[in-house]
Every structure is written in C-alpha cells, then in structure tokens.
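File shown here: structure-v9.csv, holding CSV, C-alpha atoms.
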chain,number,residue,atom,x,y,z
A,1,MET,CA,78.4,4.6,-33.2
A,2,ARG,CA,79.3,5.7,-36.7
A,3,LEU,CA,80.9,9.1,-36.8
A,4,ASN,CA,81.2,11.4,-39.8
A,5,ASP,CA,84.2,13.7,-40.4
A,6,ILE,CA,82.8,16.6,-38.3
A,7,GLU,CA,81.9,14.3,-35.4
A,8,GLN,CA,85.4,12.7,-35.5
A,9,ALA,CA,86.9,16.2,-35.4
A,10,MET,CA,84.8,17.1,-32.4
A,11,LEU,CA,85.8,13.8,-30.6
A,12,GLY,CA,89.4,14.5,-31.4
A,13,GLY,CA,89.2,18.0,-29.8
A,14,LYS,CA,89.9,19.8,-33.0
A,15,LEU,CA,86.8,22.0,-32.6
A,16,GLY,CA,87.4,22.8,-28.9
A,17,GLU,CA,87.0,21.2,-25.5
A,18,PRO,CA,83.3,22.1,-25.1
A,19,ARG,CA,82.4,20.2,-28.3
A,20,LYS,CA,84.7,17.3,-27.3
A,21,TRP,CA,82.8,17.0,-24.0
A,22,ALA,CA,79.5,17.3,-25.8
A,23,ILE,CA,80.1,14.6,-28.4
A,24,GLU,CA,81.5,12.2,-25.7
A,25,GLN,CA,78.4,12.8,-23.6
A,26,GLN,CA,76.1,12.1,-26.6
A,27,MET,CA,78.0,9.0,-27.5
A,28,ARG,CA,77.4,7.6,-24.0
A,29,VAL,CA,73.7,8.2,-24.4
A,30,GLY,CA,73.7,6.8,-27.9
A,31,ARG,CA,75.4,3.6,-26.9
A,32,PHE,CA,73.0,3.1,-24.0
A,33,PHE,CA,70.1,3.3,-26.4
A,34,ASP,CA,71.8,1.4,-29.2
A,35,ALA,CA,71.9,4.4,-31.6
A,36,GLN,CA,73.9,3.6,-34.7
A,37,ASP,CA,74.7,7.2,-35.6
A,38,PHE,CA,73.6,10.8,-35.1
A,39,VAL,CA,70.8,12.8,-36.7
A,40,PRO,CA,71.3,16.5,-37.5
A,41,ILE,CA,68.9,18.8,-35.6
A,42,SER,CA,67.5,22.3,-36.3
A,43,GLN,CA,66.9,23.7,-32.8
A,44,VAL,CA,67.4,23.0,-29.1
A,45,HIS,CA,65.2,23.8,-26.1
A,46,LEU,CA,67.1,23.4,-22.8
A,47,MET,CA,65.9,23.0,-19.2
A,48,ALA,CA,68.5,24.3,-16.8
A,49,ASP,CA,67.2,26.6,-14.1
A,50,ALA,CA,69.6,27.5,-11.3
A,51,GLU,CA,67.7,25.4,-8.7
A,52,SER,CA,68.3,22.2,-10.6
A,53,LEU,CA,71.8,23.2,-11.7
A,54,GLY,CA,73.0,24.2,-8.2
A,55,PRO,CA,76.3,25.9,-7.7
A,56,ILE,CA,78.4,23.0,-9.2
A,57,GLY,CA,76.3,23.0,-12.4
A,58,VAL,CA,76.6,26.8,-12.8
A,59,GLU,CA,80.4,26.5,-12.3
A,60,PHE,CA,80.4,23.8,-15.1
A,61,LEU,CA,78.6,26.2,-17.4
A,62,GLU,CA,80.9,29.0,-16.5
A,63,ASP,CA,83.9,26.8,-17.4
A,64,LEU,CA,82.4,26.1,-20.8
A,65,ALA,CA,81.7,29.8,-21.4
A,66,LYS,CA,85.4,30.6,-20.8
A,67,ALA,CA,86.5,28.8,-24.0
A,68,PRO,CA,87.2,30.8,-27.1
A,69,ALA,CA,84.1,32.0,-28.9
A,70,GLU,CA,84.5,29.7,-31.8
A,71,HIS,CA,84.5,26.7,-29.5
A,72,ARG,CA,81.7,27.6,-27.1
A,73,ARG,CA,79.1,29.1,-29.4
A,74,VAL,CA,76.0,26.9,-30.1
A,75,ARG,CA,75.8,25.4,-33.6
A,76,VAL,CA,72.0,25.6,-33.9
A,77,PRO,CA,69.4,28.1,-32.5
A,78,THR,CA,69.1,27.3,-28.8
A,79,ILE,CA,66.4,28.6,-26.4
A,80,THR,CA,65.7,28.2,-22.7
A,81,ASP,CA,62.9,26.8,-20.6
A,82,PRO,CA,61.5,29.0,-17.7
A,83,ARG,CA,64.1,30.3,-15.2
A,84,GLY,CA,63.8,30.3,-11.5
A,85,ILE,CA,63.8,34.0,-10.9
A,86,ASP,CA,61.7,36.9,-12.2
A,87,PHE,CA,64.1,39.7,-11.3
A,88,ASP,CA,61.2,42.2,-11.1
A,89,ALA,CA,59.3,40.2,-8.5
A,90,TYR,CA,61.5,37.7,-6.6
A,91,ARG,CA,61.8,39.7,-3.3
A,92,ARG,CA,58.0,39.7,-3.1
A,93,LEU,CA,58.0,35.9,-3.0
A,94,GLY,CA,60.6,35.5,-0.3
A,95,GLN,CA,63.3,34.5,-2.7
A,96,THR,CA,66.8,35.4,-1.6
A,97,GLU,CA,69.7,37.4,-3.1
A,98,SER,CA,71.8,34.2,-3.3
A,99,MET,CA,69.1,32.6,-5.4
A,100,ALA,CA,69.0,35.6,-7.7
A,101,GLY,CA,72.8,35.7,-7.9
A,102,LEU,CA,73.1,32.1,-8.9
A,103,GLU,CA,70.4,32.5,-11.5
A,104,GLN,CA,72.2,35.6,-13.0
A,105,ARG,CA,75.5,33.7,-13.2
A,106,ALA,CA,73.8,30.9,-15.2
A,107,ILE,CA,72.2,33.4,-17.5
A,108,ASP,CA,75.5,35.1,-18.1
A,109,ALA,CA,77.1,31.8,-19.1
A,110,PHE,CA,74.3,30.8,-21.4
A,111,ARG,CA,74.4,34.2,-23.1
A,112,ALA,CA,78.2,33.8,-23.6
A,113,MET,CA,77.5,30.5,-25.5
A,114,GLY,CA,74.9,32.2,-27.8
A,115,PHE,CA,71.7,31.0,-26.1
A,116,LEU,CA,68.5,32.9,-26.8
A,117,MET,CA,67.0,33.5,-23.3
A,118,THR,CA,63.4,32.9,-24.2
A,119,ASP,CA,62.6,31.5,-20.7
A,120,THR,CA,59.5,29.7,-21.8
A,121,CYS,CA,57.9,26.2,-21.8
A,122,ILE,CA,55.4,27.3,-24.5
A,123,ASN,CA,58.1,27.9,-27.2
A,124,TYR,CA,55.9,25.9,-29.6
A,125,GLN,CA,53.3,28.7,-29.3
A,126,THR,CA,55.5,31.7,-29.1
A,127,VAL,CA,59.0,31.3,-30.6
A,128,SER,CA,59.6,28.9,-33.4
A,129,PRO,CA,57.1,26.0,-33.8
A,130,PRO,CA,58.8,22.9,-35.3
A,131,VAL,CA,57.1,21.3,-38.3
A,132,LEU,CA,56.3,17.8,-39.5
A,133,GLY,CA,59.4,15.6,-39.6
A,134,GLU,CA,61.8,18.2,-38.2
A,135,HIS,CA,64.4,16.6,-35.9
A,136,ILE,CA,64.9,18.7,-32.8
A,137,ALA,CA,66.3,18.3,-29.2
A,138,PHE,CA,63.7,19.5,-26.7
A,139,GLY,CA,64.0,19.2,-22.9
A,140,ASP,CA,60.8,20.2,-21.3
A,141,THR,CA,58.3,17.3,-21.2
A,142,GLY,CA,55.4,19.5,-22.2
A,143,SER,CA,57.3,21.1,-25.0
A,144,THR,CA,58.5,17.8,-26.3
A,145,ILE,CA,55.2,16.0,-26.3
A,146,TYR,CA,53.5,18.9,-28.0
A,147,ALA,CA,56.2,19.1,-30.7
A,148,ASN,CA,56.2,15.4,-31.3
A,149,SER,CA,52.4,14.9,-31.3
A,150,VAL,CA,50.7,18.1,-32.4
A,151,GLN,CA,53.4,19.3,-34.8
A,152,GLY,CA,54.8,15.9,-35.9
A,153,ALA,CA,58.4,16.9,-35.1
A,154,ARG,CA,60.9,14.4,-33.7
A,155,SER,CA,62.5,14.6,-30.3
A,156,ASN,CA,63.2,12.5,-27.2
A,157,PHE,CA,63.1,14.0,-23.8
A,158,GLU,CA,66.5,15.6,-23.6
A,159,GLY,CA,67.8,16.1,-20.1
A,160,GLY,CA,69.9,19.2,-19.3
A,161,PRO,CA,73.3,17.8,-20.2
A,162,SER,CA,72.0,16.1,-23.3
A,163,ALA,CA,70.2,19.2,-24.6
A,164,LEU,CA,73.4,21.3,-23.9
A,165,ALA,CA,75.5,18.8,-25.8
A,166,ALA,CA,73.0,18.9,-28.7
A,167,ALA,CA,73.3,22.7,-28.8
A,168,LEU,CA,77.1,22.4,-29.0
A,169,THR,CA,77.2,19.7,-31.6
A,170,GLY,CA,74.1,20.4,-33.7
A,171,ARG,CA,73.0,16.8,-33.6
A,172,THR,CA,71.6,14.1,-31.3
A,173,PRO,CA,71.8,10.3,-31.1
A,174,ARG,CA,69.4,8.6,-33.6
A,175,TYR,CA,67.2,6.5,-31.3
A,176,GLY,CA,63.7,6.5,-29.9
A,177,TYR,CA,61.2,9.0,-31.3
A,178,HIS,CA,63.6,10.0,-34.1
A,179,LEU,CA,62.8,6.5,-35.6
A,180,ASP,CA,59.6,5.6,-37.5
A,181,GLU,CA,59.1,2.4,-35.7
A,182,LYS,CA,59.1,4.0,-32.2
A,183,ARG,CA,56.3,6.4,-33.2
A,184,LYS,CA,53.6,3.7,-33.6
A,185,ALA,CA,50.7,3.5,-31.1
A,186,THR,CA,50.8,0.8,-28.5
A,187,ARG,CA,47.6,1.6,-26.6
A,188,VAL,CA,44.2,2.9,-27.9
A,189,PHE,CA,41.8,4.9,-25.8
A,190,LEU,CA,38.2,5.9,-26.7
A,191,LEU,CA,37.0,9.2,-25.4
A,192,ARG,CA,33.2,9.1,-24.6
A,193,ASP,CA,32.7,12.5,-23.1
A,194,ARG,CA,34.6,15.5,-24.5
A,195,PRO,CA,36.4,17.7,-21.9
A,196,LYS,CA,34.8,21.1,-21.4
A,197,ASP,CA,37.6,23.1,-19.8
A,198,LEU,CA,41.4,23.4,-19.9
A,199,SER,CA,41.6,21.6,-16.6
A,200,ASP,CA,39.4,18.9,-18.0
A,201,TRP,CA,41.9,18.3,-20.8
A,202,GLY,CA,44.6,18.2,-18.2
A,203,ALA,CA,42.6,15.7,-16.2
A,204,LEU,CA,42.2,13.6,-19.3
A,205,GLY,CA,45.9,13.6,-19.8
A,206,GLY,CA,46.3,12.6,-16.2
A,207,VAL,CA,43.8,9.7,-16.4
A,208,ILE,CA,45.5,8.3,-19.5
A,209,GLY,CA,49.0,8.9,-18.1
A,210,ARG,CA,48.2,6.9,-15.0
A,211,LYS,CA,47.3,3.9,-17.1
A,212,LEU,CA,50.6,3.9,-19.0
A,213,GLN,CA,53.6,1.9,-17.9
A,214,SER,CA,56.7,3.3,-19.7
A,215,TYR,CA,58.3,6.0,-21.7
A,216,TRP,CA,58.0,3.8,-24.8
A,217,GLU,CA,54.2,3.5,-24.7
A,218,VAL,CA,52.4,5.7,-27.3
A,219,PRO,CA,48.7,6.2,-26.8
A,220,ALA,CA,46.2,6.8,-29.6
A,221,ILE,CA,43.0,8.6,-28.7
A,222,LEU,CA,39.8,8.0,-30.6
A,223,GLY,CA,36.5,9.9,-30.3
A,224,VAL,CA,37.7,13.5,-30.5
A,225,GLU,CA,35.2,14.7,-33.0
A,226,ALA,CA,36.3,18.4,-33.4
A,227,PRO,CA,39.9,19.6,-33.1
A,228,PRO,CA,40.9,20.9,-29.6
A,229,THR,CA,42.5,24.3,-29.4
A,230,SER,CA,46.2,24.8,-28.9
A,231,ASP,CA,45.8,25.5,-25.2
A,232,GLU,CA,43.6,22.4,-24.7
A,233,LEU,CA,46.2,20.3,-26.4
A,234,LYS,CA,48.9,22.0,-24.4
A,235,HIS,CA,47.2,21.1,-21.1
A,236,PHE,CA,46.4,17.6,-22.2
A,237,GLY,CA,50.0,16.9,-23.4
A,238,ALA,CA,51.7,18.4,-20.4
A,239,ALA,CA,49.6,16.3,-18.0
A,240,LEU,CA,50.0,13.1,-20.1
A,241,ALA,CA,53.8,13.6,-20.1
A,242,SER,CA,53.8,14.3,-16.4
A,243,TYR,CA,51.7,11.3,-15.2
A,244,GLY,CA,52.7,8.9,-18.0
A,245,THR,CA,56.3,9.8,-18.7
A,246,VAL,CA,55.5,9.5,-22.4
A,247,ALA,CA,56.7,11.8,-25.2
A,248,LEU,CA,54.2,11.2,-28.0
A,249,PHE,CA,50.5,10.7,-28.5
A,250,HIS,CA,48.3,10.4,-31.5
A,251,MET,CA,44.8,12.0,-31.5
A,252,VAL,CA,43.1,10.3,-34.5
A,253,GLY,CA,41.8,12.8,-37.0
A,254,VAL,CA,43.6,15.7,-35.2
A,255,THR,CA,47.3,15.2,-35.0
A,256,PRO,CA,49.3,15.1,-38.3
A,257,GLU,CA,50.6,11.5,-38.2
A,258,ALA,CA,47.2,10.0,-37.4
A,259,PRO,CA,44.6,10.9,-40.1
A,260,GLU,CA,43.1,7.5,-39.2
A,261,LEU,CA,44.0,4.8,-36.7
A,262,PRO,CA,45.7,2.3,-39.2
A,263,ALA,CA,48.3,5.0,-40.0
A,264,VAL,CA,49.8,4.7,-36.6
A,265,ILE,CA,49.3,1.0,-35.9
A,266,ASP,CA,51.8,-1.6,-37.1
A,267,ASP,CA,49.6,-4.7,-36.8
A,268,GLU,CA,46.1,-5.3,-35.5
A,269,ALA,CA,44.9,-2.5,-33.3
A,270,PRO,CA,44.7,-3.3,-29.6
A,271,ALA,CA,41.3,-3.2,-27.9
A,272,SER,CA,40.3,0.4,-27.1
A,273,GLU,CA,39.9,1.4,-23.5
A,274,MET,CA,37.0,3.7,-22.6
A,275,ILE,CA,37.5,7.0,-20.9
A,276,ALA,CA,34.4,8.8,-19.7
A,277,GLY,CA,33.3,11.8,-17.6
A,278,ASP,CA,33.2,9.7,-14.4
A,279,ASP,CA,37.0,9.0,-14.9
A,280,LEU,CA,37.6,12.8,-15.0
A,281,ARG,CA,35.5,13.4,-11.9
A,282,ALA,CA,37.3,10.7,-10.0
A,283,PHE,CA,40.6,12.3,-11.0
A,284,TYR,CA,39.5,15.7,-9.6
A,285,ALA,CA,38.3,14.0,-6.4
A,286,SER,CA,41.8,12.5,-5.9
A,287,TYR,CA,42.9,16.1,-5.1
A,288,GLY,CA,40.4,16.9,-2.4
A,289,GLY,CA,40.5,19.1,0.7
A,290,GLY,CA,37.3,21.1,0.2
A,291,GLY,CA,36.7,23.8,2.8
A,292,ASP,CA,40.4,24.3,3.7
A,293,LYS,CA,41.8,27.7,4.0
A,294,LEU,CA,43.5,28.5,0.6
A,295,ASP,CA,47.1,29.9,0.7
A,296,VAL,CA,47.9,30.3,-3.0
A,297,VAL,CA,46.5,29.8,-6.4
A,298,VAL,CA,49.0,29.2,-9.2
A,299,PHE,CA,48.5,29.4,-12.9
A,300,ALA,CA,51.6,27.7,-14.4
A,301,ALA,CA,53.0,24.5,-15.8
A,302,PRO,CA,52.5,25.3,-18.7
A,303,GLN,CA,52.9,29.1,-18.9
A,304,LEU,CA,49.7,30.9,-20.0
A,305,SER,CA,49.0,32.0,-23.5
A,306,LEU,CA,47.6,35.4,-24.4
A,307,TYR,CA,44.1,33.9,-24.7
A,308,GLU,CA,44.4,32.3,-21.2
A,309,LEU,CA,45.5,35.7,-19.8
A,310,GLN,CA,42.5,37.3,-21.4
A,311,GLN,CA,40.2,34.7,-19.9
A,312,LEU,CA,41.8,35.2,-16.5
A,313,ALA,CA,41.4,39.0,-16.7
A,314,ASP,CA,37.7,38.6,-17.6
A,315,LEU,CA,37.2,36.4,-14.5
A,316,LEU,CA,38.9,38.8,-12.2
A,317,ASP,CA,37.3,42.0,-13.4
A,318,GLY,CA,35.4,43.8,-10.6
A,319,ARG,CA,36.6,41.2,-8.0
A,320,GLN,CA,39.4,41.1,-5.4
A,321,VAL,CA,41.6,38.3,-4.2
A,322,HIS,CA,41.1,37.4,-0.6
A,323,PRO,CA,43.7,39.2,1.6
A,324,GLU,CA,45.0,35.9,3.0
A,325,THR,CA,45.3,34.2,-0.4
A,326,SER,CA,47.9,34.9,-3.1
A,327,VAL,CA,47.5,34.4,-6.9
A,328,LEU,CA,50.5,33.8,-9.1
A,329,VAL,CA,50.2,33.9,-12.9
A,330,THR,CA,53.2,32.8,-15.1
A,331,THR,CA,53.8,33.5,-18.8
A,332,SER,CA,56.6,34.0,-21.2
A,333,PRO,CA,58.4,37.3,-21.5
A,334,GLU,CA,57.0,37.8,-25.0
A,335,ILE,CA,53.4,37.2,-23.9
A,336,LYS,CA,53.9,39.3,-20.8
A,337,SER,CA,55.0,42.2,-23.0
A,338,ALA,CA,51.9,41.8,-25.1
A,339,ALA,CA,49.7,41.5,-22.0
A,340,ASP,CA,51.2,44.7,-20.7
A,341,ARG,CA,50.5,46.5,-24.0
A,342,MET,CA,46.9,45.3,-24.1
A,343,GLY,CA,46.1,46.1,-20.5
A,344,LEU,CA,45.6,42.5,-19.4
A,345,THR,CA,48.4,42.6,-16.8
A,346,GLN,CA,46.9,45.7,-15.2
A,347,ARG,CA,43.5,44.1,-15.0
A,348,ILE,CA,44.8,41.0,-13.4
A,349,GLU,CA,47.0,42.7,-10.9
A,350,ARG,CA,44.3,45.3,-10.1
A,351,ALA,CA,42.4,42.3,-8.5
A,352,GLY,CA,45.4,41.4,-6.4
A,353,ALA,CA,47.2,38.8,-8.4
A,354,ILE,CA,50.8,38.8,-9.5
A,355,VAL,CA,51.8,38.3,-13.1
A,356,LEU,CA,55.3,36.7,-13.4
A,357,LYS,CA,57.4,36.5,-16.6
A,358,GLY,CA,59.9,33.9,-17.7
A,359,VAL,CA,59.4,31.5,-14.7
A,360,CYS,CA,57.4,28.4,-13.8
A,361,PHE,CA,56.4,27.8,-10.2
A,362,TYR,CA,57.9,24.4,-9.5
A,363,GLN,CA,61.2,25.6,-11.1
A,364,MET,CA,61.7,28.6,-8.8
A,365,HIS,CA,62.5,27.2,-5.4
A,366,ALA,CA,58.9,26.4,-4.7
A,367,ARG,CA,59.6,24.7,-1.3
A,368,GLU,CA,61.6,27.7,-0.1
A,369,ILE,CA,58.9,30.1,-1.3
A,370,GLY,CA,56.3,28.1,0.6
A,371,GLU,CA,58.3,28.2,3.8
A,372,ALA,CA,59.1,31.9,3.4
A,373,MET,CA,55.5,32.9,2.7
A,374,GLY,CA,53.8,30.4,4.9
A,375,TRP,CA,52.0,28.6,2.0
A,376,LYS,CA,50.8,25.1,2.2
A,377,ARG,CA,47.4,24.8,0.6
A,378,LEU,CA,47.6,25.3,-3.2
A,379,MET,CA,45.1,25.2,-6.0
A,380,SER,CA,45.6,25.3,-9.8
A,381,ASN,CA,43.9,24.5,-13.1
A,382,SER,CA,47.1,22.7,-14.2
A,383,ALA,CA,46.9,18.9,-13.8
A,384,LYS,CA,50.7,18.8,-14.4
A,385,LEU,CA,51.4,21.3,-11.6
A,386,VAL,CA,49.2,19.5,-9.0
A,387,ASN,CA,51.1,16.3,-9.9
A,388,ILE,CA,54.5,17.8,-9.3
A,389,ILE,CA,53.9,20.3,-6.5
A,390,GLY,CA,53.1,17.8,-3.7
A,391,GLY,CA,56.8,16.9,-3.8
A,392,TYR,CA,57.6,20.4,-2.7
A,393,GLY,CA,55.6,20.3,0.5
A,394,TYR,CA,52.2,21.6,-0.8
A,395,VAL,CA,48.7,20.1,-0.6
A,396,PRO,CA,47.2,20.7,-4.0
A,397,SER,CA,43.7,20.8,-5.5
A,398,LEU,CA,42.8,20.8,-9.2
A,399,GLY,CA,40.0,23.0,-10.5
A,400,THR,CA,38.8,24.9,-13.5
A,401,MET,CA,40.1,28.4,-14.0
A,402,ALA,CA,36.8,29.8,-12.9
A,403,ALA,CA,36.8,27.6,-9.8
A,404,CYS,CA,40.3,28.7,-9.0
A,405,ILE,CA,39.3,32.4,-9.1
A,406,ASP,CA,36.2,31.8,-7.1
A,407,ALA,CA,38.4,30.1,-4.5
A,408,ALA,CA,41.0,32.8,-4.5
A,409,VAL,CA,38.3,35.4,-3.9
A,410,ALA,CA,36.7,33.4,-1.1
A,411,GLY,CA,40.0,32.3,0.4
A,412,ARG,CA,39.0,28.7,0.7
A,413,VAL,CA,39.2,25.5,-1.4
A,414,PRO,CA,35.6,24.8,-2.7
A,415,GLU,CA,33.9,21.6,-1.5
A,416,LYS,CA,33.5,20.5,-5.2
A,417,VAL,CA,36.0,21.6,-7.8
A,418,ALA,CA,35.1,19.5,-10.9
Let's see the structure in the file written out as structure tokens.
Amino acid sequence: MRLNDIEQAMLGGKLGEPRKWAIEQQMRVGRFFDAQDFVPISQVHLMADAESLGPIGVEFLEDLAKAPAEHRRVRVPTITDPRGIDFDAYRRLGQTESMAGLEQRAIDAFRAMGFLMTDTCINYQTVSPPVLGEHIAFGDTGSTIYANSVQGARSNFEGGPSALAAALTGRTPRYGYHLDEKRKATRVFLLRDRPKDLSDWGALGGVIGRKLQSYWEVPAILGVEAPPTSDELKHFGAALASYGTVALFHMVGVTPEAPELPAVIDDEAPASEMIAGDDLRAFYASYGGGGDKLDVVVFAAPQLSLYELQQLADLLDGRQVHPETSVLVTTSPEIKSAADRMGLTQRIERAGAIVLKGVCFYQMHAREIGEAMGWKRLMSNSAKLVNIIGGYGYVPSLGTMAACIDAAVAGRVPEKVA
C-alpha cells in the first residue's frame, strides 16, 4: 500500500505505539482487499460491547489507554454502538456485577482515548448524520447500510478492531464501498405491494436479504412510489444487512445515488425480481408458534426513535402488560432523556414495560438474561432481532408493534401475526 508521510510516521512508531498498532492492523486489512492506499475519514462508529470484547479484549483496550494522551487520543470524532449494560436497570434483568464491572472497565478505557459514549445504533438519526460522499468508518451493520444508502456516505462494515484502528489513524483502507465501481447495483427488485408497518419494511428487507449471496451484492429496489420515513428505511436496511450481509442498497427515486435506475447500473439492467405481499406473509409465517405462552417482547435492533416511543406509548395507554410477560424497550440515551421530559417513558412504564437506554438486547448477554429470567418465547417487531436472537436460545416471532403489544397484554403469541 502507498503510505503518505503521516502514515509512514505512524508505522515507524513516531506517533506512539497505539497508532503503530492501528496502521499495521489497517495495512493487513488493506492488503487482503487489494487497497492501494488509505482514504481520510471524518468520523467513526465503533461496536465493542463488553460481551463481545471479553476480559482479554477489555485488557487490550486498557493497555492502549495507558499510553501518553497524545498517542492514545482518537484523531477524528468517534462514537459508540449500544453497550451491554444499562446501569440503572441491569439487576432487574438478572445481569451480574461481574458483567457490569467488565462493561465499566471498557467504558473507562474508551473515555481515556477520547471516545464519545453515545451508546447508540441510530447515530444517523440522533448524533451526526453523514452526508453524500462523506468517507466514514462505521461498524454496526444497520448504521452502515443506512449511511451508505439513505445518506450516500461511504463505509464498509468495520469490525471492532478495524473501527478502533480507524479512530486512532483518522483513515481507512480505500476498498469496497469507498470506490465508485463497488456502489453499482447488481440485482433489481420490483416492489408490487407497499409495506404498511415498520415490521413489514423489516420483513421486506429480510425477503430481499435471503435472496442475496454475498457482501458485494447491491440491490436496487423499484416501485416505491412515495418516500418511506426514516424509521421505515431504518427497519428495512437493518434487516437487509442482517439477512443479506450487504452494506448498500439503492431505492430508485428515493436514495440520493439513484434518481433513476440507469444512474446505478453499469451496463444493461438485470431482469427485475418481483416482491409481493405474499412474500412478506410467508416471511412472517416462517416465525410461527401461535398460541404459545409469551415470555418477553423486545423492541430493539435498531433502537427506537422518539416517534416510535410515542407510538408505543399510545398503544399501551390504559392497558397493562400480562404479569407473566415482560416488555423491554431500548433507545439511545439522548432519546431516553427526551422521552423522560415528554412523559413518554412514564406512560410506557406505567403499563408494565421497561425502557432501557444505551443498550440493545442481543448485545447485553441475552442468553444469560434468558436463563436468569426463565425466558424462552420472544416476540418483536424487528426482523433483524428475530433473525439474530435464535442463536441465543430464544424462539422468536415477528409481528407489528400493535400485534406485539396485544400479545404482551394477553401473555400469548397470537395465532396470526402478519
């Protein structure tokens, strides 16, 4: 890889050991993907909850944080994905003091390096939305696909070590979705029936994602006649990334790089593949179990916006969650503060739900929580969450937000959730 003077200084250790480690890590990634050089970035979003880090990962962070301040401080604004602990609520969920202690150690190390502890996966809605053409290094799949697609920024999926390295160097290898040629559509889908609910948009992402075969496939979606809302695009992108492992989509006439299909196609457009309402209904049906006792309803992955919290509060007003069912609601610390001020948190919790800040369910020792609380049967309106959570020992169902609340009040999974 070609290195400029600053990158050579980092490699030679002149800017400290943390930056030397970082540029070496990035060069290994760059060489693997045939990157010729680095591209400067403007911001970093890092996934590194304590569950995924483990004790050894936290010790590594602590070692970096011991370096002199001028060597360990991040070079560009750097923010964090959801953590694994809400320190105001973790004991209620059966999480242990050792889990909380490991999380606090990671937080202390990040703060010493100059991280902004935003603890959110909806940073594109709440912190600093990137703009068209901006090169960034984002880690969370939902954040990355939204930034790439809806905002036209440029990022690959940056794993924890890669995002940490980008924060310390202020650059990332120039490959993949930083390049014009990788941003062209490879598949075309025609939407016949417009989704009606956030979970429908997630189901659409799941349907298309299941049809894709690799990280380098880029779907273009036709037939979306009116722009979806930010929350609808959020659920669609998060599910598409989860089921399809893709980092970019084009919604023709909606997303900034695709005013029309020819703008995102190099040669002749491939034949379009029809997606209809029956496909969405079949997707819902793949997460069955109607009539089962319901242990927990989770609204997470992605965290909820203020509008979603308002909708949830309206659905819960005058109702009470079944005593044998729990309802968990996750959002960012900033949105939680706003929800507290506006009375939304109080309305939601009055009905028996718990509003958590700065966490996401599958990143907070979900298996251990399930074992501690006796939870097995789970329901959510997030297609991304139901895709992931089965790996943690749960049996999930997907439903609309209204269906999830009805089920939480009844204490049972409905026979039909679509």
Write out as a PyMOL selection string each polymer residue whose atoms come within 7 Å of Gln320 in chain A, counting all atoms listed in the file; drop sequence neighbours fewer than 5 positions from it. chain A and resi 351-352+409
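The shortest atom-to-atom distance to Gly57 in chain A, with all atoms listed in the file taken into account, belongs to A:Gly160 out of A:Gly160, A:Pro173, A:Pro77, A:Gly84.
Nearest to Gly358 in chain A of all the residues A:Asp231, A:Asp295, A:Asp81, A:Glu324 is A:Asp81, counting only C-alpha atoms.
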Per residue of range 183-287 of chain A within 7 Å of range 150-157 of chain A, what are the shortest atom pair and its distance in Å to one decimal, counting all atoms listed in the file, with rows by chain and residue number, as CSV?
residue,atom,partner,partner_atom,distance
A:Ala247,CA,A:Asn156,CA,6.8
A:Thr255,CA,A:Val150,CA,5.2
A:Pro256,CA,A:Gly152,CA,6.1
A:Glu257,CA,A:Gly152,CA,6.5
What's around Leu15 in chain A at 12 Å? Count only C-alpha atoms, leave out sequence neighbours fewer than 5 positions away in its own chain, and write the answer as a ChimeraX atom specification. /A:5-10,20-23,67-73,75,168-169
What does the file look like for those residues with C-alpha atoms, as a compact mmCIF listing (two decimals), in the coordinates of the input?
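again.txt, freshly written:
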# COMPACT_ATOMS: atom_id res chain seq x y z
CA ASP A 5 84.20 13.70 -40.40
CA ILE A 6 82.80 16.60 -38.30
CA GLU A 7 81.90 14.30 -35.40
CA GLN A 8 85.40 12.70 -35.50
CA ALA A 9 86.90 16.20 -35.40
CA MET A 10 84.80 17.10 -32.40
CA LYS A 20 84.70 17.30 -27.30
CA TRP A 21 82.80 17.00 -24.00
CA ALA A 22 79.50 17.30 -25.80
CA ILE A 23 80.10 14.60 -28.40
CA ALA A 67 86.50 28.80 -24.00
CA PRO A 68 87.20 30.80 -27.10
CA ALA A 69 84.10 32.00 -28.90
CA GLU A 70 84.50 29.70 -31.80
CA HIS A 71 84.50 26.70 -29.50
CA ARG A 72 81.70 27.60 -27.10
CA ARG A 73 79.10 29.10 -29.40
CA ARG A 75 75.80 25.40 -33.60
CA LEU A 168 77.10 22.40 -29.00
CA THR A 169 77.20 19.70 -31.60
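Shortest atom-to-atom contact with Ala408 in chain A among A:Thr245, A:Asn381, A:Gln104, A:Thr325: A:Thr325, counting all atoms listed in the file.
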Atomic separation - CA of Gln346 in chain A relative to CA of Ala313 in chain A, Å: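 Computed distance, CA of Ala313 in chain A to CA of Gln346 in chain A, equals 8.8 Å.
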Tell me which protein, DNA and RNA residues are within 10 Å of Val297 in chain A, counting only C-alpha atoms, leaving out same-chain ones fewer than 6 positions away, and put them as a list of chain:residue names.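 Contacts, with the query itself left out: A:Thr325, A:Ser326, A:Val327, A:Leu328, A:Val329, A:Ala353, A:Arg377, A:Leu378, A:Met379, A:Ser380, A:Asn381, A:Pro396, A:Ser397, A:Cys404, A:Ile405, A:Ala407, A:Ala408, A:Gly411, A:Val413.
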Counting all atoms listed in the file, note down every residue that has an atom within 10 Å of the point (62.2, 13.3, -38.0) (file coordinates), as JSON, numbers by chain. {"A": [39, 40, 41, 131, 132, 133, 134, 135, 136, 148, 152, 153, 154, 155, 174, 177, 178, 179, 180]}
Interatomic distance, CA of Phe33 in chain A to CA of Arg2 in chain A (Å, one decimal):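 Distance reported for this atom pair: 14.0 Å.
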Using all atoms listed in the file, which of A:Asn123, A:Ser337, A:Asn387, A:Ser242 sits nearest Val44 in chain A?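 Among the listed residues, the smallest separation from Val44 in chain A belongs to A:Asn123.
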May I have the residues within 9 Å of Val29 in chain A as a PDB file with C-alpha atoms, in the coordinates of the input, using only C-alpha atoms and disregarding those fewer than 5 positions away in the same chain?
ATOM      1  CA  GLU A  24      81.500  12.200 -25.700  1.00  0.00           C
ATOM      2  CA  ASP A  34      71.800   1.400 -29.200  1.00  0.00           C
ATOM      3  CA  ALA A  35      71.900   4.400 -31.600  1.00  0.00           C
ATOM      4  CA  SER A 162      72.000  16.100 -23.300  1.00  0.00           C
ATOM      5  CA  PRO A 173      71.800  10.300 -31.100  1.00  0.00           C
TER       6      PRO A 173
END
When you count only C-alpha atoms, which of these residues is closest to Leu46 in chain A: A:Arg83, A:Lys66, A:Arg28, A:Lys182?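 For Leu46 in chain A, the nearest of the candidates is A:Arg83.
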Find the residue from A:Glu158, A:Ala269, A:Ser382, A:Leu309 that sits nearest to Ile354 in chain A; use all atoms listed in the file when measuring. A:Leu309
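In this model, the gap between CA of Trp201 in chain A and CA of Gly237 in chain A comes to 8.6 Å.
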